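Peer 1: Structure file work-v2.txt, compact mmCIF, C-alpha atoms and all ligand atoms, is pasted below:
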# COMPACT_ATOMS: atom_id res chain seq x y z
CA MET L 1 13.07 -1.15 -12.43
CA SER L 2 9.40 -1.91 -11.83
CA ALA L 3 6.19 -0.39 -10.71
CA GLU L 4 6.25 -2.84 -7.83
CA CYS L 5 9.66 -1.75 -6.63
CA GLN L 6 9.38 1.93 -7.42
CA SER L 7 6.04 2.80 -5.98
CA ALA L 8 4.01 2.43 -2.87
CA ASP L 9 3.48 4.22 0.34
CA THR L 10 2.03 1.65 2.67
CA PRO L 11 3.90 -1.42 3.85
CA CYS L 12 2.43 -4.63 2.53
CA SER L 13 1.40 -6.91 5.34
CA PRO L 14 -0.77 -10.00 5.58
CA ASP L 15 -3.50 -7.91 7.17
CA ASP L 16 -3.87 -5.04 4.75
CA SER L 17 -4.78 -6.92 1.60
CA ASP L 18 -8.55 -6.62 1.62
CA ALA L 19 -9.29 -4.07 -1.04
CA PRO L 20 -12.42 -2.04 -1.70
CA ASP L 21 -13.98 -1.40 -5.10
CA ARG L 22 -12.66 -4.52 -6.77
CA PRO L 23 -13.75 -4.77 -10.40
CA LYS L 24 -16.54 -7.24 -10.91
CA ALA L 25 -15.46 -8.46 -14.35
CA PRO L 26 -13.76 -11.84 -13.92
CA ALA L 27 -10.04 -11.87 -14.67
CA THR L 28 -8.09 -14.93 -15.67
CA ILE L 29 -4.68 -16.00 -14.39
CA ASN L 30 -2.10 -18.25 -15.98
CA THR L 31 1.02 -19.33 -14.15
CA GLU L 32 4.15 -21.01 -15.46
CA TRP L 33 7.29 -22.28 -13.79
CA LEU L 34 10.55 -22.26 -15.63
CA SER L 35 13.80 -23.48 -14.05
CA ASP L 36 12.97 -23.21 -10.38
CA CYS L 37 12.24 -25.11 -7.20
CA SER L 38 8.42 -24.63 -7.26
CA GLY L 39 8.58 -22.68 -4.00
CA CYS L 40 7.01 -19.59 -5.53
CA HIS L 41 3.98 -21.61 -6.62
CA ILE L 42 3.59 -22.90 -3.08
CA THR L 43 2.87 -19.32 -1.97
CA ILE L 44 -0.55 -19.80 -3.57
CA VAL L 45 -1.20 -22.49 -0.97
CA ASP L 46 0.28 -20.23 1.70
CA LEU L 47 -2.38 -17.62 0.99
CA HIS L 48 -4.71 -19.88 3.00
CA GLU L 49 -8.14 -18.32 3.41
CA LYS L 50 -6.94 -15.02 1.92
CA ILE L 51 -7.23 -16.61 -1.49
CA LEU L 52 -10.99 -16.32 -0.97
CA SER L 53 -10.61 -12.55 -1.23
CA ILE L 54 -9.84 -12.82 -4.95
CA LEU L 55 -11.64 -15.98 -6.00
CA ASP L 56 -14.81 -14.03 -6.77
CA SER L 57 -12.95 -11.89 -9.28
CA VAL L 58 -10.41 -14.26 -10.85
CA THR L 59 -10.26 -17.67 -12.44
CA LEU L 60 -7.02 -19.60 -12.04
CA GLN L 61 -7.05 -21.39 -15.35
CA ARG L 62 -3.49 -22.55 -15.93
CA CYS L 63 -1.26 -23.46 -12.99
CA PRO L 64 1.26 -26.32 -13.22
CA VAL L 65 1.04 -27.05 -9.51
CA LEU L 66 -2.77 -27.44 -9.65
CA THR L 67 -3.81 -28.19 -13.22
CA ASP L 68 -2.54 -30.29 -16.10
CA ILE L 69 -3.12 -27.78 -18.88
CA LYS L 70 -0.24 -27.78 -21.29
CA ASP L 71 -1.31 -24.93 -23.57
CA TYR L 72 -1.56 -21.21 -22.87
CA PRO L 73 -5.14 -19.90 -22.99
CA PRO L 74 -5.55 -16.10 -23.17
CA ALA L 75 -5.34 -14.58 -19.69
CA THR L 76 -5.43 -11.23 -17.93
CA ILE L 77 -2.41 -11.88 -15.69
CA GLY L 78 0.52 -14.24 -16.13
CA LEU L 79 2.71 -15.18 -13.18
CA VAL L 80 6.08 -16.54 -14.31
CA SER L 81 8.44 -18.09 -11.77
CA GLY L 82 11.91 -19.45 -12.48
CA ALA L 83 14.85 -18.45 -14.61
CA ILE L 84 15.64 -19.01 -18.27
CA ARG L 85 18.06 -21.95 -18.12
CA ASN L 86 17.12 -24.05 -21.14
CA VAL L 87 15.39 -23.84 -24.50
CA HIS L 88 12.04 -24.92 -23.05
CA ASP L 89 12.15 -22.07 -20.50
CA ARG L 90 12.63 -19.56 -23.29
CA GLN L 91 9.73 -20.94 -25.33
CA ALA L 92 7.43 -21.13 -22.30
CA ALA L 93 8.21 -17.53 -21.32
CA ILE L 94 7.41 -16.36 -24.85
CA GLU L 95 4.11 -18.29 -24.83
CA MET L 96 3.18 -16.70 -21.51
CA ARG L 97 3.92 -13.23 -22.87
CA LYS L 98 1.84 -13.87 -25.96
CA SER L 99 -1.13 -15.18 -23.98
CA CYS L 100 -1.22 -12.74 -21.02
CA ASP L 101 -2.07 -9.04 -20.86
CA HIS L 102 0.20 -8.48 -17.85
CA ILE L 103 3.28 -10.46 -16.82
CA ILE L 104 4.55 -10.63 -13.25
CA ALA L 105 8.14 -11.81 -12.79
CA TRP L 106 7.43 -13.94 -9.74
CA GLY L 107 10.27 -14.59 -7.33
CA SER L 108 14.00 -14.00 -7.31
CA CYS L 109 14.66 -16.63 -9.99
CA ALA L 110 12.42 -14.84 -12.49
CA VAL L 111 13.58 -11.35 -11.47
CA PHE L 112 17.32 -11.94 -10.99
CA GLY L 113 18.08 -15.49 -12.14
CA GLY L 114 18.04 -16.79 -8.57
CA PRO L 115 20.26 -19.53 -7.16
CA ALA L 116 20.58 -21.17 -10.58
CA GLY L 117 22.55 -18.08 -11.60
CA ALA L 118 25.61 -19.68 -10.02
CA GLY L 119 25.62 -21.80 -13.17
CA ASN L 120 27.01 -18.77 -14.98
CA LEU L 121 30.32 -19.36 -13.21
CA HIS L 122 30.79 -22.46 -15.36
CA THR L 123 30.17 -23.53 -18.94
CA SER L 124 27.25 -25.83 -19.70
CA ASP L 125 29.74 -28.58 -20.61
CA GLU L 126 31.48 -28.23 -17.26
CA ILE L 127 28.15 -28.51 -15.45
CA ALA L 128 27.04 -31.56 -17.45
CA ASP L 129 30.41 -33.16 -16.90
CA ALA L 130 30.24 -32.63 -13.14
CA VAL L 131 26.66 -33.88 -12.90
CA TYR L 132 26.75 -36.88 -15.23
CA LEU L 133 30.28 -37.98 -16.09
CA HIS L 134 32.46 -37.30 -13.10
CA ASN L 135 30.05 -37.19 -10.22
CA LYS L 136 31.49 -38.97 -7.20
CA THR L 137 28.12 -39.99 -5.79
CA THR L 138 26.32 -41.40 -8.84
CA VAL L 139 27.04 -43.86 -11.63
CA SER L 140 28.65 -42.03 -14.54
CA ALA L 141 26.53 -41.80 -17.67
CA PRO L 142 26.44 -39.75 -20.86
CA THR L 143 24.63 -36.44 -20.66
CA PRO L 144 21.00 -37.17 -21.59
CA THR L 145 19.83 -35.65 -24.86
CA ARG L 146 16.44 -37.28 -25.45
CA GLU L 147 13.35 -35.57 -23.99
CA VAL L 148 15.56 -33.14 -22.10
CA SER L 149 15.59 -29.52 -23.16
CA PRO L 150 19.12 -28.36 -24.08
CA LEU L 151 20.76 -25.99 -21.62
CA GLU L 152 21.33 -22.45 -22.82
CA SER L 153 24.85 -21.10 -22.39
CA THR L 154 23.81 -18.89 -19.46
CA VAL L 155 21.11 -18.52 -16.81
CA SER L 156 19.03 -15.37 -17.37
CA PRO L 157 16.24 -13.42 -15.67
CA ILE L 158 13.01 -13.58 -17.67
CA ASP L 159 13.14 -9.92 -18.73
CA THR L 160 16.06 -10.77 -20.99
CA VAL L 161 13.54 -12.71 -23.09
CA ILE L 162 10.13 -11.07 -22.57
CA ASP L 163 8.77 -7.75 -21.37
CA VAL L 164 7.77 -7.73 -17.70
CA ASP L 165 5.03 -5.50 -16.28
CA LEU L 166 5.66 -6.03 -12.57
CA TYR L 167 8.65 -7.39 -10.67
CA LEU L 168 8.06 -9.36 -7.49
CA PRO L 169 11.36 -10.59 -6.01
CA GLY L 170 11.56 -12.89 -3.01
CA CYS L 171 12.49 -16.50 -2.52
CA PRO L 172 9.65 -16.94 -2.41
CA PRO L 173 7.95 -13.57 -1.91
CA HIS L 174 5.71 -13.51 1.17
CA PRO L 175 2.13 -14.44 0.16
CA ALA L 176 0.96 -10.96 1.21
CA PHE L 177 3.13 -9.45 -1.53
CA VAL L 178 1.87 -11.97 -4.07
CA LEU L 179 -1.72 -11.11 -3.23
CA ASP L 180 -1.05 -7.38 -3.34
CA ALA L 181 0.69 -7.69 -6.71
CA LEU L 182 -2.34 -9.48 -8.14
CA LEU L 183 -4.79 -7.02 -6.63
CA SER L 184 -2.78 -4.05 -7.87
CA LEU L 185 -3.14 -5.25 -11.44
CA LEU L 186 -6.80 -6.19 -10.99
CA GLU L 187 -7.59 -2.79 -9.49
CA GLY L 188 -5.34 -0.75 -11.76
CA ARG L 189 -3.35 0.78 -8.91
CA PRO L 190 0.32 0.73 -7.88
CA PRO L 191 1.37 -2.07 -5.52
CA LYS L 192 1.75 -1.16 -1.87
CA ALA L 193 5.23 -2.63 -1.54
CA THR L 194 7.94 -0.28 -0.31
CA GLN L 195 11.65 -0.09 -0.98
CA GLU L 196 12.49 -0.84 2.66
CA SER L 197 15.30 -3.27 3.40
CA VAL L 198 14.80 -6.38 5.52
CA CYS L 199 16.06 -4.37 8.51
CA GLY L 200 12.79 -2.42 8.35
CA HIS L 201 10.85 -5.40 9.70
CA CYS L 202 13.63 -6.77 11.95
CA ARG L 203 13.30 -5.98 15.65
CA ARG L 204 16.99 -6.52 16.45
CA GLN L 205 18.93 -3.48 17.65
CA MET L 206 22.06 -2.19 15.92
CA ARG L 207 24.49 -1.09 18.62
CA LYS L 208 28.23 -0.68 18.98
CA THR L 209 29.95 -3.68 20.56
CA ASP L 210 33.51 -4.74 21.34
CA VAL L 211 33.36 -7.79 19.05
CA THR L 212 36.69 -8.20 17.24
CA ALA L 213 36.25 -11.27 15.01
CA ILE L 214 33.80 -12.49 12.41
CA ARG L 215 31.61 -15.36 13.57
CA SER L 216 29.97 -18.11 11.59
CA GLY L 217 26.88 -20.15 12.36
CA SER L 218 28.91 -22.73 14.25
CA ASP L 219 30.42 -20.11 16.57
CA GLY L 220 28.00 -20.17 19.45
CA VAL L 221 24.44 -18.92 19.56
CA ALA L 222 23.66 -15.30 18.72
CA ASP L 223 21.62 -13.37 21.24
CA ALA L 224 18.08 -12.56 20.20
CA GLN L 225 18.09 -8.81 20.85
CA ASN L 226 21.06 -7.38 19.00
CA CYS L 227 21.67 -7.05 15.29
CA PHE L 228 23.70 -9.90 13.86
CA LEU L 229 26.20 -7.38 12.49
CA SER L 230 26.81 -6.07 16.01
CA GLN L 231 27.58 -9.63 17.10
CA GLY L 232 30.02 -10.34 14.27
CA TYR L 233 27.75 -12.43 12.05
CA VAL L 234 27.34 -11.40 8.41
CA CYS L 235 23.68 -10.53 7.83
CA MET L 236 22.50 -9.21 4.48
CA GLY L 237 19.30 -7.61 5.74
CA SER L 238 20.48 -4.04 5.20
CA VAL L 239 21.27 -4.60 1.51
CA THR L 240 18.24 -6.80 0.76
CA ILE L 241 14.83 -5.57 -0.31
CA ASP L 242 12.05 -6.63 2.03
CA ARG L 243 9.60 -8.94 0.29
CA CYS L 244 9.45 -11.40 3.20
CA LEU L 245 8.72 -9.46 6.43
CA ALA L 246 12.10 -10.54 7.85
CA PRO L 247 11.40 -14.10 9.05
CA CYS L 248 15.05 -15.15 9.28
CA PRO L 249 16.56 -12.57 11.65
CA GLN L 250 13.34 -12.71 13.70
CA ASN L 251 13.95 -16.43 14.17
CA GLY L 252 17.65 -16.46 14.93
CA VAL L 253 19.10 -16.78 11.44
CA PRO L 254 21.02 -14.04 9.57
CA CYS L 255 19.48 -12.90 6.29
CA THR L 256 21.16 -14.44 3.24
CA GLY L 257 19.65 -11.94 0.82
CA CYS L 258 17.27 -14.27 -1.00
CA ALA L 259 14.93 -11.45 -2.08
CA GLY L 260 17.75 -9.74 -3.92
CA ALA L 261 19.48 -6.45 -3.40
CA THR L 262 17.83 -3.15 -2.57
CA MET L 263 17.17 -0.70 -5.39
CA GLN L 264 20.02 1.47 -4.08
CA VAL L 265 22.53 -1.35 -4.42
CA LEU L 266 21.13 -2.48 -7.76
CA THR L 267 21.04 0.89 -9.45
CA GLU L 268 23.98 2.84 -8.03
CA PRO L 269 27.15 1.67 -9.80
CA ASN L 270 29.47 2.17 -6.87
CA ARG L 271 27.30 0.55 -4.22
CA ASP L 272 28.13 -3.06 -3.60
CA ILE L 273 26.89 -5.75 -1.26
CA ARG L 274 30.23 -6.52 0.34
CA THR L 275 31.39 -2.95 0.90
CA GLU L 276 27.98 -1.84 2.19
CA ILE L 277 27.93 -4.62 4.78
CA ALA L 278 31.59 -4.17 5.67
CA ASP L 279 31.08 -0.45 6.21
CA ARG L 280 28.10 -1.00 8.51
CA MET L 281 29.56 -3.97 10.40
CA SER L 282 32.97 -2.37 10.99
CA ARG L 283 31.25 0.68 12.51
CA LEU L 284 29.15 -1.55 14.81
CA THR L 285 32.10 -3.69 15.98
CA HIS L 286 35.87 -3.59 16.20
CA ILE L 287 36.27 -5.96 13.25
CA PRO L 288 38.52 -4.38 10.58
CA TYR L 289 36.68 -3.36 7.41
CA ALA L 290 39.15 -5.30 5.23
CA ASP L 291 38.54 -8.54 7.14
CA ILE L 292 34.80 -8.29 6.49
CA VAL L 293 35.28 -7.55 2.79
CA LYS L 294 37.63 -10.54 2.55
CA GLU L 295 35.15 -12.83 4.29
CA ILE L 296 32.30 -11.85 1.98
CA GLU L 297 34.52 -12.33 -1.06
CA ARG L 298 35.54 -15.76 0.28
CA THR L 299 31.89 -16.75 0.55
CA ALA L 300 30.70 -14.82 -2.50
CA LYS L 301 28.94 -17.81 -4.05
CA SER L 302 26.55 -17.66 -1.10
CA HIS L 303 26.27 -13.93 -0.66
CA TYR L 304 25.68 -13.15 -4.32
CA SER L 305 23.89 -16.36 -5.16
CA TYR L 306 20.43 -14.92 -5.81
CA THR L 307 21.41 -11.99 -8.00
CA MET L 308 24.62 -12.81 -9.81
CA ALA L 309 22.79 -13.62 -13.07
CA THR L 310 21.30 -10.15 -13.40
CA LYS L 311 23.33 -7.60 -15.30
CA MET L 312 22.55 -5.07 -12.55
CA ILE L 313 24.95 -7.02 -10.33
CA GLY L 314 26.98 -9.00 -12.86
CA ASP L 315 28.05 -5.92 -14.83
CA LYS L 316 29.11 -3.87 -11.83
CA PRO L 317 32.81 -2.99 -11.95
CA THR L 318 32.99 -3.99 -8.29
CA PHE L 319 31.67 -7.52 -8.90
CA LEU L 320 34.73 -9.73 -9.42
CA ILE L 321 33.43 -13.09 -8.29
CA LYS L 322 35.61 -15.25 -10.54
CA ARG L 323 38.73 -13.62 -9.10
CA TRP L 324 37.38 -13.99 -5.56
CA ILE L 325 36.75 -17.71 -6.11
CA VAL L 326 40.29 -18.27 -7.40
CA GLU L 327 41.71 -16.41 -4.41
CA ALA L 328 39.49 -18.36 -1.99
CA ASP L 329 40.61 -21.64 -3.56
CA GLN L 330 44.25 -20.59 -3.22
CA ASP L 331 43.69 -19.71 0.43
CA TYR L 332 42.01 -23.08 0.95
CA GLU L 333 44.90 -24.93 -0.67
CA GLY L 334 47.29 -22.98 1.53
CA THR L 335 45.30 -23.94 4.60
CA ARG L 336 45.31 -27.60 3.58
CA TYR L 337 49.09 -27.44 3.08
CA ASP L 338 49.52 -25.90 6.52
CA CYS L 339 47.38 -28.62 8.04
CA LYS L 340 49.50 -31.41 6.62
CA HIS L 341 52.73 -29.97 7.88
S1 LIG L 401 12.60 -17.64 -6.19
FE1 LIG L 401 13.16 -19.13 -4.61
S2 LIG L 401 11.21 -20.11 -4.03
FE2 LIG L 401 10.89 -19.09 -6.03
S3 LIG L 401 11.33 -20.68 -7.52
FE3 LIG L 401 13.24 -19.53 -7.22
S4 LIG L 401 14.37 -20.72 -5.67
FE4 LIG L 401 12.22 -21.40 -5.59
S1 LIG L 402 21.37 -6.38 9.58
FE1 LIG L 402 20.15 -8.24 9.94
S2 LIG L 402 20.02 -8.50 12.15
FE2 LIG L 402 20.68 -6.40 11.73
S3 LIG L 402 18.81 -5.20 11.76
FE3 LIG L 402 19.21 -5.77 9.61
S4 LIG L 402 18.09 -7.69 9.31
FE4 LIG L 402 18.20 -7.34 11.51
S1 LIG L 403 15.16 -12.52 5.80
FE1 LIG L 403 16.60 -12.53 4.08
S2 LIG L 403 17.05 -14.72 3.72
FE2 LIG L 403 15.22 -14.63 5.04
S3 LIG L 403 13.49 -14.72 3.61
FE3 LIG L 403 13.94 -12.53 3.94
S4 LIG L 403 15.37 -11.95 2.29
FE4 LIG L 403 15.32 -14.18 2.40
When written as structure tokens, how does the structure in this file appear?
Peer 2:
Amino acid sequence: MSAECQSADTPCSPDDSDAPDRPKAPATINTEWLSDCSGCHITIVDLHEKILSILDSVTLQRCPVLTDIKDYPPATIGLVSGAIRNVHDRQAAIEMRKSCDHIIAWGSCAVFGGPAGAGNLHTSDEIADAVYLHNKTTVSAPTPTREVSPLESTVSPIDTVIDVDLYLPGCPPHPAFVLDALLSLLEGRPPKATQESVCGHCRRQMRKTDVTAIRSGSDGVADAQNCFLSQGYVCMGSVTIDRCLAPCPQNGVPCTGCAGATMQVLTEPNRDIRTEIADRMSRLTHIPYADIVKEIERTAKSHYSYTMATKMIGDKPTFLIKRWIVEADQDYEGTRYDCKH
């Protein structure tokens, strides 16, 4: 996949980013956001005083969250966040590629398609119809066509349109990884990021328990010491690449996989998110493997939401989300029928 994902020996942490021998020649940075939530751009603010460590060697010349420059001046590094969802996204990505020596795919939307990838489960007409014509909470209106870029037929990661030099998944990636990615290009060295999963930074303990049923967030409060899997909660930390330093499980919330799958899951055809988790969780508890697989299929829109637009997941023979959704809807209808009678 990328230099960022394939290389590195030392874990990236907020404290290891000061680098020696930085080149003195000023570099220029352009950023662009495509279809996204702007969260990746906010990581620039989250660098806090660490941004001072690069300000002597870079000029941030185009950045939609800070500047009102509409064109694309030549730059050393281009950070592109967001997915390709509409015609404007495609054109903007191409302009960034043309103007920048190096392109970083910044965040899970740019790398994998991100949450917007769920749009690929529907046609553009179905989406427009649900949003504008038959939306139960707003006044119905025709789909706007003026001054709105037309939707493309699918949501795509940016490397389907332009070449990418460095992939930086995360939703958003921790600022330490953003800084290290920039420094790695400025210093001409590989990034320090590892291929560890989120479990690598999680202090919870995996241990065998006598739990027999899957739990959801509303089923009590998980204890703070043991792995969520051991307690019956689905946690995606073991199949998710660590570009966040594990804030969720450290703060009482199971990982939902927002940084995208590990390289092992992405690149090995027979490895799959649901079976990997089911295998691990069934060994740690007394919950049957099949029940866990079924639960993850039932909630697949959540568990695959960040990566379903990338071919590395979408083209897997084990990824059958449309069938899972139909089955989940049938189960739901059956439940509703049971409730009424
Ligand atoms: S990767 Fe996450 S934080 Fe970044 S733009 Fe996409 S949704 Fe927002
Ligand atoms: S599966 Fe989740 S809770 Fe368990 S160790 Fe990994 S990140 Fe932590
Ligand atoms: S722990 Fe999981 S859900 Fe939370 S930020 Fe990291 S990858 Fe995303």
Peer 1: Expressed in Å to a single decimal, how great is the separation between atom CA of Leu60 of chain L and atom CA of Gln195 of chain L?
Peer 2: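 Between atom CA of Leu60 of chain L and atom CA of Gln195 of chain L the gap works out to 29.2 Å.
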Peer 1: What is the atom S1 of ligand LIG 403 (chain L) to atom CA of Gly237 of chain L distance in Å?
Peer 2: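 That distance, rounded to one decimal, is 6.4 Å.
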Peer 1: Write out as JSON, numbers by chain each polymer residue (protein, DNA or RNA) that has an atom no more than 9 Å from ligand LIG 401 (chain L), with only C-alpha atoms and all ligand atoms counted.
Peer 2: {"L": [33, 34, 35, 36, 37, 38, 39, 40, 41, 42, 43, 81, 82, 83, 106, 107, 108, 109, 110, 111, 112, 113, 114, 115, 116, 169, 170, 171, 172, 173, 258, 259, 306]}
Peer 1: Mind dumping the selected residues with C-alpha atoms as a short mmCIF file (atom, residue, chain, number, x, y, z; two decimals), in the frame of the given file?
Peer 2:
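Written out: out_23.cif:
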data_model
loop_
_atom_site.label_atom_id
_atom_site.label_comp_id
_atom_site.auth_asym_id
_atom_site.auth_seq_id
_atom_site.Cartn_x
_atom_site.Cartn_y
_atom_site.Cartn_z
CA TRP L 33 7.29 -22.28 -13.79
CA LEU L 34 10.55 -22.26 -15.63
CA SER L 35 13.80 -23.48 -14.05
CA ASP L 36 12.97 -23.21 -10.38
CA CYS L 37 12.24 -25.11 -7.20
CA SER L 38 8.42 -24.63 -7.26
CA GLY L 39 8.58 -22.68 -4.00
CA CYS L 40 7.01 -19.59 -5.53
CA HIS L 41 3.98 -21.61 -6.62
CA ILE L 42 3.59 -22.90 -3.08
CA THR L 43 2.87 -19.32 -1.97
CA SER L 81 8.44 -18.09 -11.77
CA GLY L 82 11.91 -19.45 -12.48
CA ALA L 83 14.85 -18.45 -14.61
CA TRP L 106 7.43 -13.94 -9.74
CA GLY L 107 10.27 -14.59 -7.33
CA SER L 108 14.00 -14.00 -7.31
CA CYS L 109 14.66 -16.63 -9.99
CA ALA L 110 12.42 -14.84 -12.49
CA VAL L 111 13.58 -11.35 -11.47
CA PHE L 112 17.32 -11.94 -10.99
CA GLY L 113 18.08 -15.49 -12.14
CA GLY L 114 18.04 -16.79 -8.57
CA PRO L 115 20.26 -19.53 -7.16
CA ALA L 116 20.58 -21.17 -10.58
CA PRO L 169 11.36 -10.59 -6.01
CA GLY L 170 11.56 -12.89 -3.01
CA CYS L 171 12.49 -16.50 -2.52
CA PRO L 172 9.65 -16.94 -2.41
CA PRO L 173 7.95 -13.57 -1.91
CA CYS L 258 17.27 -14.27 -1.00
CA ALA L 259 14.93 -11.45 -2.08
CA TYR L 306 20.43 -14.92 -5.81
#
Peer 1: With the cut-off set at 8 Å and counting all atoms listed in the file, tabulate each residue of chain L with an atom at most that distance from an atom of ligand LIG 403 (chain L), showing the nearest atom pair and its distance in Å to one decimal, ordered by chain and increasing number, as JSON lines.
Peer 2:
{"residue": "L:Gly170", "atom": "CA", "partner": "L:LIG403", "partner_atom": "S4", "distance": 6.6}
{"residue": "L:Cys171", "atom": "CA", "partner": "L:LIG403", "partner_atom": "FE4", "distance": 6.1}
{"residue": "L:Pro172", "atom": "CA", "partner": "L:LIG403", "partner_atom": "S3", "distance": 7.5}
{"residue": "L:Pro173", "atom": "CA", "partner": "L:LIG403", "partner_atom": "S3", "distance": 7.9}
{"residue": "L:Val198", "atom": "CA", "partner": "L:LIG403", "partner_atom": "S1", "distance": 6.2}
{"residue": "L:Met236", "atom": "CA", "partner": "L:LIG403", "partner_atom": "FE1", "distance": 6.8}
{"residue": "L:Gly237", "atom": "CA", "partner": "L:LIG403", "partner_atom": "FE1", "distance": 5.9}
{"residue": "L:Thr240", "atom": "CA", "partner": "L:LIG403", "partner_atom": "S4", "distance": 6.1}
{"residue": "L:Ile241", "atom": "CA", "partner": "L:LIG403", "partner_atom": "S4", "distance": 6.9}
{"residue": "L:Asp242", "atom": "CA", "partner": "L:LIG403", "partner_atom": "S4", "distance": 6.3}
{"residue": "L:Arg243", "atom": "CA", "partner": "L:LIG403", "partner_atom": "FE3", "distance": 6.7}
{"residue": "L:Cys244", "atom": "CA", "partner": "L:LIG403", "partner_atom": "FE3", "distance": 4.7}
{"residue": "L:Leu245", "atom": "CA", "partner": "L:LIG403", "partner_atom": "FE3", "distance": 6.5}
{"residue": "L:Ala246", "atom": "CA", "partner": "L:LIG403", "partner_atom": "S1", "distance": 4.2}
{"residue": "L:Pro247", "atom": "CA", "partner": "L:LIG403", "partner_atom": "S1", "distance": 5.2}
{"residue": "L:Cys248", "atom": "CA", "partner": "L:LIG403", "partner_atom": "FE2", "distance": 4.3}
{"residue": "L:Pro249", "atom": "CA", "partner": "L:LIG403", "partner_atom": "S1", "distance": 6.0}
{"residue": "L:Val253", "atom": "CA", "partner": "L:LIG403", "partner_atom": "FE2", "distance": 7.8}
{"residue": "L:Pro254", "atom": "CA", "partner": "L:LIG403", "partner_atom": "S2", "distance": 7.1}
{"residue": "L:Cys255", "atom": "CA", "partner": "L:LIG403", "partner_atom": "FE1", "distance": 3.6}
{"residue": "L:Thr256", "atom": "CA", "partner": "L:LIG403", "partner_atom": "S2", "distance": 4.1}
{"residue": "L:Gly257", "atom": "CA", "partner": "L:LIG403", "partner_atom": "FE1", "distance": 4.5}
{"residue": "L:Cys258", "atom": "CA", "partner": "L:LIG403", "partner_atom": "FE4", "distance": 3.9}
{"residue": "L:Ala259", "atom": "CA", "partner": "L:LIG403", "partner_atom": "S4", "distance": 4.4}
{"residue": "L:Gly260", "atom": "CA", "partner": "L:LIG403", "partner_atom": "S4", "distance": 7.0}
Peer 1: Given the choices L:Thr143, L:Asn251, L:Gln91, L:Thr31, which gets closest to ligand LIG 402 (chain L) if the distance is worked out from all atoms listed in the file?
Peer 2: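 Of the candidates, the smallest distance to ligand LIG 402 (chain L) is held by L:Asn251.
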Peer 1: Just how far from atom CA of Glu32 of chain L is atom CA of Asp46 of chain L, in Å to one decimal?
Peer 2: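 Between atom CA of Asp46 of chain L and atom CA of Glu32 of chain L the gap is 17.6 Å.
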Peer 1: Which is closer to ligand LIG 402 (chain L) than all the others in L:Ser230, L:Thr194, L:Ser149, L:Ser184, using all atoms listed in the file?
Peer 2: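 Of the candidates, the smallest distance to ligand LIG 402 (chain L) is held by L:Ser230.
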Peer 1: Quick one: of L:Val239, L:Val131, L:Ile292, L:Ile94, who's nearest to Glu196 of chain L, counting all atoms listed in the file?
Peer 2: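 Closest residue, counting all atoms listed in the file: L:Val239.
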Peer 1: Excluding Ile127 of chain L and residues on its chain fewer than 2 positions from it, collect all residues at most 12 Å away from it, counting only C-alpha atoms, and give them as a list of chain:residue names.
Peer 2: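 Counting only C-alpha atoms, the residues come to L:Ala116, L:Ala118, L:Gly119, L:Asn120, L:Leu121, L:His122, L:Thr123, L:Ser124, L:Asp125, L:Asp129, L:Ala130, L:Val131, L:Tyr132, L:Leu133, L:His134, L:Asn135, L:Thr143, L:Leu151, L:Glu152, L:Ser153, L:Thr154.
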Peer 1: Find the spatial neighbours of Thr212 of chain L, counting only C-alpha atoms, within a cut-off of 12 Å - ignore same-chain residues fewer than 6 positions away - and output them as a PDB file with C-alpha atoms, in the coordinates of the input.
Peer 2:
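Written output follows (selection-v9.pdb):
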ATOM      1  CA  LEU L 229      26.200  -7.380  12.490  1.00  0.00           C
ATOM      2  CA  SER L 230      26.810  -6.070  16.010  1.00  0.00           C
ATOM      3  CA  GLN L 231      27.580  -9.630  17.100  1.00  0.00           C
ATOM      4  CA  GLY L 232      30.020 -10.340  14.270  1.00  0.00           C
ATOM      5  CA  TYR L 233      27.750 -12.430  12.050  1.00  0.00           C
ATOM      6  CA  MET L 281      29.560  -3.970  10.400  1.00  0.00           C
ATOM      7  CA  SER L 282      32.970  -2.370  10.990  1.00  0.00           C
ATOM      8  CA  ARG L 283      31.250   0.680  12.510  1.00  0.00           C
ATOM      9  CA  LEU L 284      29.150  -1.550  14.810  1.00  0.00           C
ATOM     10  CA  THR L 285      32.100  -3.690  15.980  1.00  0.00           C
ATOM     11  CA  HIS L 286      35.870  -3.590  16.200  1.00  0.00           C
ATOM     12  CA  ILE L 287      36.270  -5.960  13.250  1.00  0.00           C
ATOM     13  CA  PRO L 288      38.520  -4.380  10.580  1.00  0.00           C
ATOM     14  CA  TYR L 289      36.680  -3.360   7.410  1.00  0.00           C
ATOM     15  CA  ASP L 291      38.540  -8.540   7.140  1.00  0.00           C
ATOM     16  CA  ILE L 292      34.800  -8.290   6.490  1.00  0.00           C
TER      17      ILE L 292
END
Peer 1: Write out as lines of an AutoDock Vina configuration file an axis-aligned box for segment 148-156 of chain L: all of its atoms listed in the file, 8 Å added on each side, centre and edge lengths in Å with one decimal.
Peer 2:
center_x = 20.2
center_y = -24.3
center_z = -20.4
size_x = 25.3
size_y = 33.8
size_z = 23.3
Peer 1: With distances taken over all atoms listed in the file, which of L:Thr267, L:Gln330, L:Ser197, L:Ser302 is nearest to ligand LIG 402 (chain L)?
Peer 2: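 The shortest atom-to-atom distance to ligand LIG 402 (chain L) comes from L:Ser197.
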Peer 1: Would you pick out the contacts of Arg271 of chain L at 12 Å or less, using all atoms listed in the file, so that residues sharing its chain but fewer than 6 positions from it are not included, and give the list as a list in words?
Peer 2: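 Once the nearby chain positions are removed, what remains is Val239, Ala261, Thr262, Met263, Gln264, Val265, Ile277, Ala278, Asp279, Met312, Ile313, Lys316, Pro317, Thr318 and Phe319 of chain L.
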Peer 1: Nearest residue to Thr76 of chain L out of L:Ala176, L:Leu182, L:Cys199, L:Cys63, using all atoms listed in the file?
Peer 2: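 Smallest separation from Thr76 of chain L among the options: L:Leu182.
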